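Undergrad: So that we are looking at the same thing, I have put the structure below in structure tokens.
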Amino acid sequence: LAVNGNAPQEADVPPTSKPRSRVKALPRLNAEESVHHNVVVQPEEKASSGGKPEVKEDDKNVLDAPAPNLEESPGELGKPVVLPKQMSPEMKKAVDDGWTKNAFNQYVSDLISVHRTLPDPRDAWCKDSARYSNDLPKTDVIICFHNEAWSVLLRTVHSVLDRSPSELIGKIILVDDYSDMRKYQSSSLPTHCHSICLALAAHLKKQLEDYFASYSKVEIVRGPQREGLIRARLLGAKYAKSPVITYLDSHCECAEGWLEPLLDRIARNSTTVVCPVIDVIDDTTLEFHYRDSSGVNVGGFDWNLQFSWHAVPEREKKRHSSTSEPVYSPTMAGGLFSIDRKFFERLGTYDSGFDIWGGENLELSFKTWMCGGTLEIVPCSHVGHIFRKRSPYKWRTGVNVLKKNSVRLAEVWMDDYSKYYYQRIGNDKGDFGDVSDRLKLREDLQCKSFKWYLDNIYPELFIPGDAVANGEIRNLGYGGRTCLDSPSGRRNLKKAVGLYPCHKQGGNQYWMLSKTGEIRRDTACLDYAGKDVILFGCHGSKGNQVSVCGLLTVCLIYFVPFVQFWTYREGTKQLHHGSSGKCLAINQSKDKLVMEECDSGVLRQQWLMENYDSS
Ligand code: LR7
Ligand code: MN
């Protein structure tokens, strides 16, 4: 599904001769009077872009077209845009192409104004401007992109310009990480555009440089080769001059008042790194769903070194009198945050050995905490982000990029705890390059230990070393070659746990038996409530009311009596289940996990727990 190399389909310019009633002048994209702006164009880029396309008569007509009533335009106030069920074959193809290229509904985005309005997601508490310093530092906003859809990229930039006090924005630095779709972006005009989009589309026929020519704050940097988002961010940082740097993904929408509460925290203490609440922009309808302050989550991670969301812990709630106050977060999601530029430099920015995607979010989180800073989520600040279900762009071939980044991270920052990650990848670190300068950085900064970080900043994290057993769970029936195997993927919750030949590579066969009787994988636990044996969010309390928070979903309150409580009977090798009193077994047709009446003579009910130590 790689987007690269797909010849763009050239669409015809739709007729522009059907003027609607002139309601207001077209929003002229807040163009500023100044003409100065810097463009960094690599020589080969220039050659391939073929110079400036000229403005044709058609385009001028489009530009003069009247604007529709804003309230009636699709997607205004963050409302969802739903396409008809019945579509012409051409339209369907355009919709499908948009999905293929972006992993979100580009067609719908193209229908929506790049200046669309959003609901104001803030609590009343946040709107009291006396809460914020009146001497806020300026920020540069760095947005890196690789093959981002035009309307989405422009909407990101306009949402910054339209909803930030101009005096707080130094520059907006757009870093093009060697997009190879640029030809498509600059030449093709979608036939399905809403009329605001039509006006825009005229702009889209030109280069980004032309589009932003009259915006003195916007600077465009073209990377000379594909660097991946981490080195692209470092490239952008070289052009930053303001005291604060703010990073955003290229498919975001900043909501009203997003910036002041972030900058305020840095104004008070330059070692505070801050993230907005990340609202969800739906990948299908582009609806902007905002999270009110009672639903704010903080960041964590699991031993696979994947980022995860959690409800604000009780210990943290106790520090506050209002849910609108900034909360400490063990980690950040990675894409959206503000940081004092000098502090970022002092922390050694990012590990430039990180390729394409991943790992940098945990690196910056760990070292912020370990090297004297604080990481917060600021409930008054809201920025939407299009969450997608797959990555639409090309990664490197032949290398496991994410693993390499994660190993570098573990080697430098995690001390002895790195072993828990290595167990998850079958103890095969692969070639992760040289990390000696990163180790030196940690040494020079005199950062605290990873144990300090876990004990003080993320005490909720389950430590595999505290487990009674960890590793594979092998059945002794049928030749003893079958292991308990987790459904994979982020959406593995509530799915039946499977069986697979034991492979000794960790991964989906890595389990932990906790002292409290859970059989866990990170935050998911083996759970049986009368039907299948499934994975379910660990609730850690035997039969109390507990809240379970899934990825991006709301936290639900459950009453769960002993469904996640297991005992390993060392003598008979049985896994006995709490609420049902049954034992875990493989069924007689060898294809399914079942719960049976316990019978110590049945081999199918016997299991070997790796590294079992009951002492
Ligand atoms: O090679 C690349 N070059 C790029 O410039 C690959 C990507 N990019 C750009 C891309 O266009 C986008 O703007 O980098 C940005 C991030 O890429 P996405 O949107 O594909 O990533 P994501 O949103 O799935 O990933 C999250 O984790 C990443 C780990 O490296 C980054 O930290 C992203 O910034 C981060 N996004 C967020 O934090 C938004 C909230 C998501 C959550 C949870
Ligand atoms: Mn993103």
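Here's how to read the names in the structure tokens: chain A, B, ... by the order shown, residue numbers from 1 in each chain, ligand numbers from 1 in the order shown.
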Which residues form the shell of 10 Å around ligand 2 when you count only C-alpha atoms and all ligand atoms, given as a ChimeraX atom specification?
TA: /A:145,248-252,333-336,385-388,391
Undergrad: Would you list the contacts of range 103-107 of chain A as an mmCIF file with C-alpha atoms, in the first residue's frame, taking every protein, DNA or RNA residue within 10 Å and counting only C-alpha atoms, but skipping same-chain residues closer than 6 positions in sequence?
TA:
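This went into out_35.cif:
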```
data_model
loop_
_atom_site.group_PDB
_atom_site.id
_atom_site.type_symbol
_atom_site.label_atom_id
_atom_site.label_comp_id
_atom_site.auth_asym_id
_atom_site.auth_seq_id
_atom_site.Cartn_x
_atom_site.Cartn_y
_atom_site.Cartn_z
ATOM 1 C CA LEU A 1 0.000 0.000 0.000
ATOM 2 C CA VAL A 3 1.996 5.655 -1.806
ATOM 3 C CA LEU A 83 -20.138 10.723 2.320
ATOM 4 C CA MET A 91 -16.038 9.412 -6.803
ATOM 5 C CA LYS A 92 -15.528 6.027 -5.232
ATOM 6 C CA ALA A 94 -11.144 9.204 -5.635
ATOM 7 C CA VAL A 95 -12.227 8.270 -2.115
ATOM 8 C CA ASP A 96 -10.324 4.973 -2.251
ATOM 9 C CA ASP A 97 -7.196 6.663 -3.610
ATOM 10 C CA GLU A 148 1.110 14.795 3.752
ATOM 11 C CA ALA A 149 -2.211 15.527 2.037
ATOM 12 C CA TRP A 150 -2.418 19.177 1.029
ATOM 13 C CA SER A 151 -5.666 20.161 2.621
ATOM 14 C CA VAL A 152 -4.602 18.496 5.868
ATOM 15 C CA PRO A 190 -9.553 17.345 -6.934
ATOM 16 C CA THR A 191 -12.816 17.375 -8.863
ATOM 17 C CA HIS A 192 -14.882 16.995 -5.752
ATOM 18 C CA CYS A 193 -13.829 20.170 -4.000
ATOM 19 C CA ASP A 282 -11.754 11.003 13.114
ATOM 20 C CA ASP A 283 -9.911 9.385 10.209
ATOM 21 C CA THR A 284 -13.153 8.816 8.261
ATOM 22 C CA THR A 285 -15.330 11.872 8.892
ATOM 23 C CA LEU A 286 -12.699 14.342 10.145
ATOM 24 C CA ILE A 386 -5.792 12.462 12.910
ATOM 25 C CA PHE A 387 -5.146 9.023 14.364
ATOM 26 C CA ARG A 388 -4.738 6.380 11.720
ATOM 27 C CA LYS A 389 -4.748 2.638 11.769
ATOM 28 C CA ARG A 390 -1.712 2.033 9.608
ATOM 29 C CA SER A 391 1.366 3.896 8.473
ATOM 30 C CA PRO A 392 0.897 5.083 4.887
ATOM 31 C CA TYR A 393 4.492 5.756 3.988
#
```
Undergrad: When you count only C-alpha atoms and all ligand atoms, which of these residues is closest to ligand 1: A:Ser159, A:Thr349, A:Asn361, A:Ser324?
TA: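 Closest to ligand 1 of all the choices is A:Asn361.
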Undergrad: Pick out the residues sitting within 12 Å of Ser133 in chain A, and hand them over as number ranges by chain; count only C-alpha atoms, and ignore anything fewer than 5 positions along from it in its own chain.
TA: A: 128, 260-269
Undergrad: Could you name the residues that touch Asp527 in chain A at 10 Å or less, counting only C-alpha atoms, but leaving out those on the same chain fewer than 2 positions away, as a ChimeraX atom specification?
TA: /A:494,496-497,518-520,524-525,529-538,562-566,577
Undergrad: Just to confirm, what's the straight-line distance from CA of Lys394 in chain A to atom 13 (O, counted along the ligand's line) of ligand 1 in Å (one decimal)?
TA: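 Distance reported for this atom pair: 13.8 Å.
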Undergrad: Name the closest residue to Ser418 in chain A among the candidates A:Leu77, A:Leu484, A:Asp302, A:Gly517; distances are taken between atoms, counting only C-alpha atoms.
TA: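 The answer is A:Asp302, which sits nearest to Ser418 in chain A.
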Undergrad: For Gly257 in chain A, which of A:Ala311, A:Leu235, A:Val383, A:Leu402 is the closest residue, counting only C-alpha atoms?
TA: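 Distance minimum relative to Gly257 in chain A lands on A:Val383.
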Undergrad: Give the alpha helix (DSSP H) residues of range 264-471 of chain A, as DSSP finds them on the backbone, and put them as a PyMOL selection string.
TA: chain A and resi 264-268+314-317+341-346+360-370+401-413+418-424+436-445+450-456
Undergrad: For the residues selected in the previous step, produce a file with C-alpha atoms as an mmCIF file, in the first residue's frame.
TA:
```cif
data_model
loop_
_atom_site.group_PDB
_atom_site.id
_atom_site.type_symbol
_atom_site.label_atom_id
_atom_site.label_comp_id
_atom_site.auth_asym_id
_atom_site.auth_seq_id
_atom_site.Cartn_x
_atom_site.Cartn_y
_atom_site.Cartn_z
ATOM 1 C CA ASP A 264 2.772 29.771 30.569
ATOM 2 C CA ARG A 265 4.236 26.612 32.083
ATOM 3 C CA ILE A 266 7.554 27.204 30.346
ATOM 4 C CA ALA A 267 7.551 30.867 31.361
ATOM 5 C CA ARG A 268 7.319 29.746 34.982
ATOM 6 C CA GLU A 314 -4.888 8.832 42.222
ATOM 7 C CA ARG A 315 -1.559 10.020 43.644
ATOM 8 C CA GLU A 316 -1.518 12.704 40.950
ATOM 9 C CA LYS A 317 -5.167 13.698 41.384
ATOM 10 C CA ARG A 341 14.880 25.646 23.128
ATOM 11 C CA LYS A 342 17.924 25.916 25.395
ATOM 12 C CA PHE A 343 16.647 23.139 27.649
ATOM 13 C CA PHE A 344 16.063 20.935 24.591
ATOM 14 C CA GLU A 345 19.650 21.573 23.540
ATOM 15 C CA ARG A 346 20.931 20.902 27.035
ATOM 16 C CA GLU A 360 12.176 9.447 20.291
ATOM 17 C CA ASN A 361 9.045 10.090 22.349
ATOM 18 C CA LEU A 362 10.248 7.812 25.160
ATOM 19 C CA GLU A 363 13.810 9.078 24.874
ATOM 20 C CA LEU A 364 12.723 12.659 25.433
ATOM 21 C CA SER A 365 10.307 11.632 28.194
ATOM 22 C CA PHE A 366 12.876 9.592 30.131
ATOM 23 C CA LYS A 367 15.598 12.157 29.941
ATOM 24 C CA THR A 368 13.317 15.064 30.752
ATOM 25 C CA TRP A 369 12.491 13.407 34.068
ATOM 26 C CA MET A 370 15.867 11.815 34.725
ATOM 27 C CA VAL A 401 13.672 0.441 12.255
ATOM 28 C CA LEU A 402 11.504 0.574 15.327
ATOM 29 C CA LYS A 403 13.478 -2.179 17.060
ATOM 30 C CA LYS A 404 16.777 -0.483 16.277
ATOM 31 C CA ASN A 405 15.520 2.816 17.720
ATOM 32 C CA SER A 406 14.154 1.067 20.803
ATOM 33 C CA VAL A 407 17.397 -0.832 21.444
ATOM 34 C CA ARG A 408 19.356 2.441 21.284
ATOM 35 C CA LEU A 409 16.901 3.925 23.751
ATOM 36 C CA ALA A 410 17.153 0.941 26.107
ATOM 37 C CA GLU A 411 20.963 0.816 25.949
ATOM 38 C CA VAL A 412 21.346 4.456 26.910
ATOM 39 C CA TRP A 413 18.559 5.178 29.365
ATOM 40 C CA SER A 418 16.650 -2.911 29.475
ATOM 41 C CA LYS A 419 16.663 -6.707 29.920
ATOM 42 C CA TYR A 420 12.876 -6.761 30.136
ATOM 43 C CA TYR A 421 12.646 -5.248 26.694
ATOM 44 C CA TYR A 422 15.301 -7.605 25.372
ATOM 45 C CA GLN A 423 13.324 -10.581 26.660
ATOM 46 C CA ARG A 424 10.444 -9.343 24.578
ATOM 47 C CA SER A 436 28.774 6.016 23.065
ATOM 48 C CA ASP A 437 28.105 9.730 22.581
ATOM 49 C CA ARG A 438 24.596 9.308 23.986
ATOM 50 C CA LEU A 439 25.997 7.528 27.049
ATOM 51 C CA LYS A 440 28.462 10.361 27.459
ATOM 52 C CA LEU A 441 25.617 12.860 27.296
ATOM 53 C CA ARG A 442 23.845 11.050 30.121
ATOM 54 C CA GLU A 443 27.068 11.001 32.111
ATOM 55 C CA ASP A 444 27.779 14.701 31.521
ATOM 56 C CA LEU A 445 24.266 15.686 32.536
ATOM 57 C CA PHE A 450 16.033 4.530 35.537
ATOM 58 C CA LYS A 451 15.093 2.933 38.852
ATOM 59 C CA TRP A 452 14.581 6.412 40.295
ATOM 60 C CA TYR A 453 12.342 7.224 37.346
ATOM 61 C CA LEU A 454 10.251 4.069 37.783
ATOM 62 C CA ASP A 455 9.944 4.423 41.548
ATOM 63 C CA ASN A 456 9.064 8.108 41.555
#
```
Undergrad: Considering only C-alpha atoms, state which residue in the set A:Ser179, A:Ser129, A:Asn587, A:Thr100 is at the smallest distance from Cys380 in chain A.
TA: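 Selected residue with least distance to Cys380 in chain A: A:Ser129.
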Undergrad: I'd like to know which of A:Ile377, A:Ile473, A:Ile220, A:Ala237 is closest to Asn297 in chain A, using only C-alpha atoms.
TA: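 With only C-alpha atoms as the atom set, the closest residue is A:Ile377.
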Undergrad: Applying 7 Å and only C-alpha atoms, which residues near Pro487 in chain A remain after dropping the ones on its own chain fewer than 2 positions away? List them as a list in words.
TA: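 Counting only C-alpha atoms, the residues come to Asp485, Gly489, Asn492, Lys495, Val497 and Gly498 of chain A.
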Undergrad: Write out as a PDB file with N, CA and C atoms, in the first residue's frame all residues of range 403-536 of chain A that backbone DSSP assigns to strand (DSSP E or B).
TA:
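Produced file out_17.pdb, reproduced below:
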```
ATOM      1  N   ALA A 469       6.631 -15.674  37.712  1.00  0.00           N
ATOM      2  CA  ALA A 469       7.142 -16.396  36.547  1.00  0.00           C
ATOM      3  C   ALA A 469       7.099 -15.434  35.371  1.00  0.00           C
ATOM      4  N   ASN A 470       8.042 -15.594  34.451  1.00  0.00           N
ATOM      5  CA  ASN A 470       7.928 -14.806  33.228  1.00  0.00           C
ATOM      6  C   ASN A 470       8.546 -15.552  32.059  1.00  0.00           C
ATOM      7  N   GLY A 471       7.922 -15.402  30.910  1.00  0.00           N
ATOM      8  CA  GLY A 471       8.368 -16.114  29.717  1.00  0.00           C
ATOM      9  C   GLY A 471       7.208 -16.907  29.137  1.00  0.00           C
ATOM     10  N   ILE A 473       4.439 -19.998  28.443  1.00  0.00           N
ATOM     11  CA  ILE A 473       3.605 -20.915  29.218  1.00  0.00           C
ATOM     12  C   ILE A 473       3.317 -22.097  28.299  1.00  0.00           C
ATOM     13  N   ARG A 474       3.994 -23.229  28.595  1.00  0.00           N
ATOM     14  CA  ARG A 474       4.004 -24.363  27.653  1.00  0.00           C
ATOM     15  C   ARG A 474       3.088 -25.476  28.153  1.00  0.00           C
ATOM     16  N   ASN A 475       2.266 -25.965  27.254  1.00  0.00           N
ATOM     17  CA  ASN A 475       1.379 -27.072  27.610  1.00  0.00           C
ATOM     18  C   ASN A 475       2.131 -28.392  27.502  1.00  0.00           C
ATOM     19  N   THR A 482       3.306 -26.880  22.468  1.00  0.00           N
ATOM     20  CA  THR A 482       2.364 -25.788  22.226  1.00  0.00           C
ATOM     21  C   THR A 482       2.386 -24.756  23.354  1.00  0.00           C
ATOM     22  N   CYS A 483       2.352 -23.488  22.977  1.00  0.00           N
ATOM     23  CA  CYS A 483       2.407 -22.412  23.968  1.00  0.00           C
ATOM     24  C   CYS A 483       1.197 -21.486  23.889  1.00  0.00           C
ATOM     25  N   LEU A 484       0.932 -20.853  24.998  1.00  0.00           N
ATOM     26  CA  LEU A 484      -0.100 -19.820  25.063  1.00  0.00           C
ATOM     27  C   LEU A 484       0.365 -18.635  24.219  1.00  0.00           C
ATOM     28  N   ASP A 485      -0.482 -18.172  23.324  1.00  0.00           N
ATOM     29  CA  ASP A 485      -0.050 -17.164  22.356  1.00  0.00           C
ATOM     30  C   ASP A 485      -1.071 -16.034  22.299  1.00  0.00           C
ATOM     31  N   ALA A 496      -9.900 -13.733  21.899  1.00  0.00           N
ATOM     32  CA  ALA A 496      -9.550 -15.014  22.513  1.00  0.00           C
ATOM     33  C   ALA A 496      -8.038 -15.214  22.448  1.00  0.00           C
ATOM     34  N   GLY A 498      -4.807 -17.458  22.005  1.00  0.00           N
ATOM     35  CA  GLY A 498      -4.642 -18.606  21.124  1.00  0.00           C
ATOM     36  C   GLY A 498      -3.550 -19.568  21.566  1.00  0.00           C
ATOM     37  N   LEU A 499      -3.261 -20.490  20.678  1.00  0.00           N
ATOM     38  CA  LEU A 499      -2.223 -21.497  20.894  1.00  0.00           C
ATOM     39  C   LEU A 499      -1.339 -21.502  19.661  1.00  0.00           C
ATOM     40  N   TYR A 500      -0.058 -21.748  19.878  1.00  0.00           N
ATOM     41  CA  TYR A 500       0.858 -21.717  18.745  1.00  0.00           C
ATOM     42  C   TYR A 500       2.078 -22.543  19.129  1.00  0.00           C
ATOM     43  N   PRO A 501       2.763 -23.146  18.160  1.00  0.00           N
ATOM     44  CA  PRO A 501       3.984 -23.861  18.511  1.00  0.00           C
ATOM     45  C   PRO A 501       4.946 -22.926  19.254  1.00  0.00           C
ATOM     46  N   TRP A 511       4.715 -14.011  28.806  1.00  0.00           N
ATOM     47  CA  TRP A 511       3.690 -13.807  29.825  1.00  0.00           C
ATOM     48  C   TRP A 511       4.337 -13.612  31.188  1.00  0.00           C
ATOM     49  N   MET A 512       3.601 -12.992  32.092  1.00  0.00           N
ATOM     50  CA  MET A 512       4.103 -12.853  33.454  1.00  0.00           C
ATOM     51  C   MET A 512       3.009 -13.243  34.436  1.00  0.00           C
ATOM     52  N   LEU A 513       3.393 -14.015  35.445  1.00  0.00           N
ATOM     53  CA  LEU A 513       2.459 -14.329  36.522  1.00  0.00           C
ATOM     54  C   LEU A 513       2.805 -13.403  37.683  1.00  0.00           C
ATOM     55  N   ILE A 519      -2.148 -13.263  35.149  1.00  0.00           N
ATOM     56  CA  ILE A 519      -1.273 -13.695  34.064  1.00  0.00           C
ATOM     57  C   ILE A 519      -1.311 -12.557  33.057  1.00  0.00           C
ATOM     58  N   ARG A 520      -0.214 -11.792  33.003  1.00  0.00           N
ATOM     59  CA  ARG A 520      -0.282 -10.523  32.297  1.00  0.00           C
ATOM     60  C   ARG A 520       0.649 -10.437  31.101  1.00  0.00           C
ATOM     61  N   ARG A 521       0.279  -9.524  30.249  1.00  0.00           N
ATOM     62  CA  ARG A 521       1.173  -9.014  29.217  1.00  0.00           C
ATOM     63  C   ARG A 521       1.006  -7.512  29.320  1.00  0.00           C
ATOM     64  N   ALA A 524      -2.490  -5.893  29.765  1.00  0.00           N
ATOM     65  CA  ALA A 524      -3.597  -6.807  29.489  1.00  0.00           C
ATOM     66  C   ALA A 524      -3.438  -8.076  30.326  1.00  0.00           C
ATOM     67  N   CYS A 525      -4.552  -8.630  30.766  1.00  0.00           N
ATOM     68  CA  CYS A 525      -4.510  -9.820  31.618  1.00  0.00           C
ATOM     69  C   CYS A 525      -5.376 -10.937  31.061  1.00  0.00           C
ATOM     70  N   LEU A 526      -4.961 -12.164  31.344  1.00  0.00           N
ATOM     71  CA  LEU A 526      -5.745 -13.336  30.978  1.00  0.00           C
ATOM     72  C   LEU A 526      -7.017 -13.314  31.814  1.00  0.00           C
ATOM     73  N   ASP A 527      -8.153 -13.467  31.146  1.00  0.00           N
ATOM     74  CA  ASP A 527      -9.426 -13.176  31.787  1.00  0.00           C
ATOM     75  C   ASP A 527     -10.442 -14.230  31.335  1.00  0.00           C
ATOM     76  N   TYR A 528     -11.202 -14.745  32.290  1.00  0.00           N
ATOM     77  CA  TYR A 528     -12.218 -15.740  31.934  1.00  0.00           C
ATOM     78  C   TYR A 528     -13.492 -15.432  32.697  1.00  0.00           C
ATOM     79  N   VAL A 533     -11.382 -17.737  26.882  1.00  0.00           N
ATOM     80  CA  VAL A 533     -10.294 -17.153  27.669  1.00  0.00           C
ATOM     81  C   VAL A 533      -9.754 -16.002  26.818  1.00  0.00           C
ATOM     82  N   ILE A 534      -9.844 -14.808  27.336  1.00  0.00           N
ATOM     83  CA  ILE A 534      -9.505 -13.632  26.525  1.00  0.00           C
ATOM     84  C   ILE A 534      -8.434 -12.786  27.211  1.00  0.00           C
ATOM     85  N   LEU A 535      -8.009 -11.737  26.510  1.00  0.00           N
ATOM     86  CA  LEU A 535      -7.196 -10.705  27.144  1.00  0.00           C
ATOM     87  C   LEU A 535      -8.118  -9.554  27.498  1.00  0.00           C
ATOM     88  N   PHE A 536      -7.898  -9.006  28.665  1.00  0.00           N
ATOM     89  CA  PHE A 536      -8.687  -7.849  29.065  1.00  0.00           C
ATOM     90  C   PHE A 536      -7.795  -6.931  29.879  1.00  0.00           C
TER      91      PHE A 536
END
```
Undergrad: Considering only C-alpha atoms, can you say which of A:Phe288, A:Trp258, A:Phe354, A:Tyr458 comes closest to Val378 in chain A?
TA: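 Nearest to Val378 in chain A: A:Trp258.
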Undergrad: Please identify all polymer residues within 10 Å of His158 in chain A, counting only C-alpha atoms, omitting same-chain residues fewer than 5 positions from it, and present them as an MDAnalysis selection string.
TA: chainID A and resid 29:30 114:116 152:153 163:164 253:254
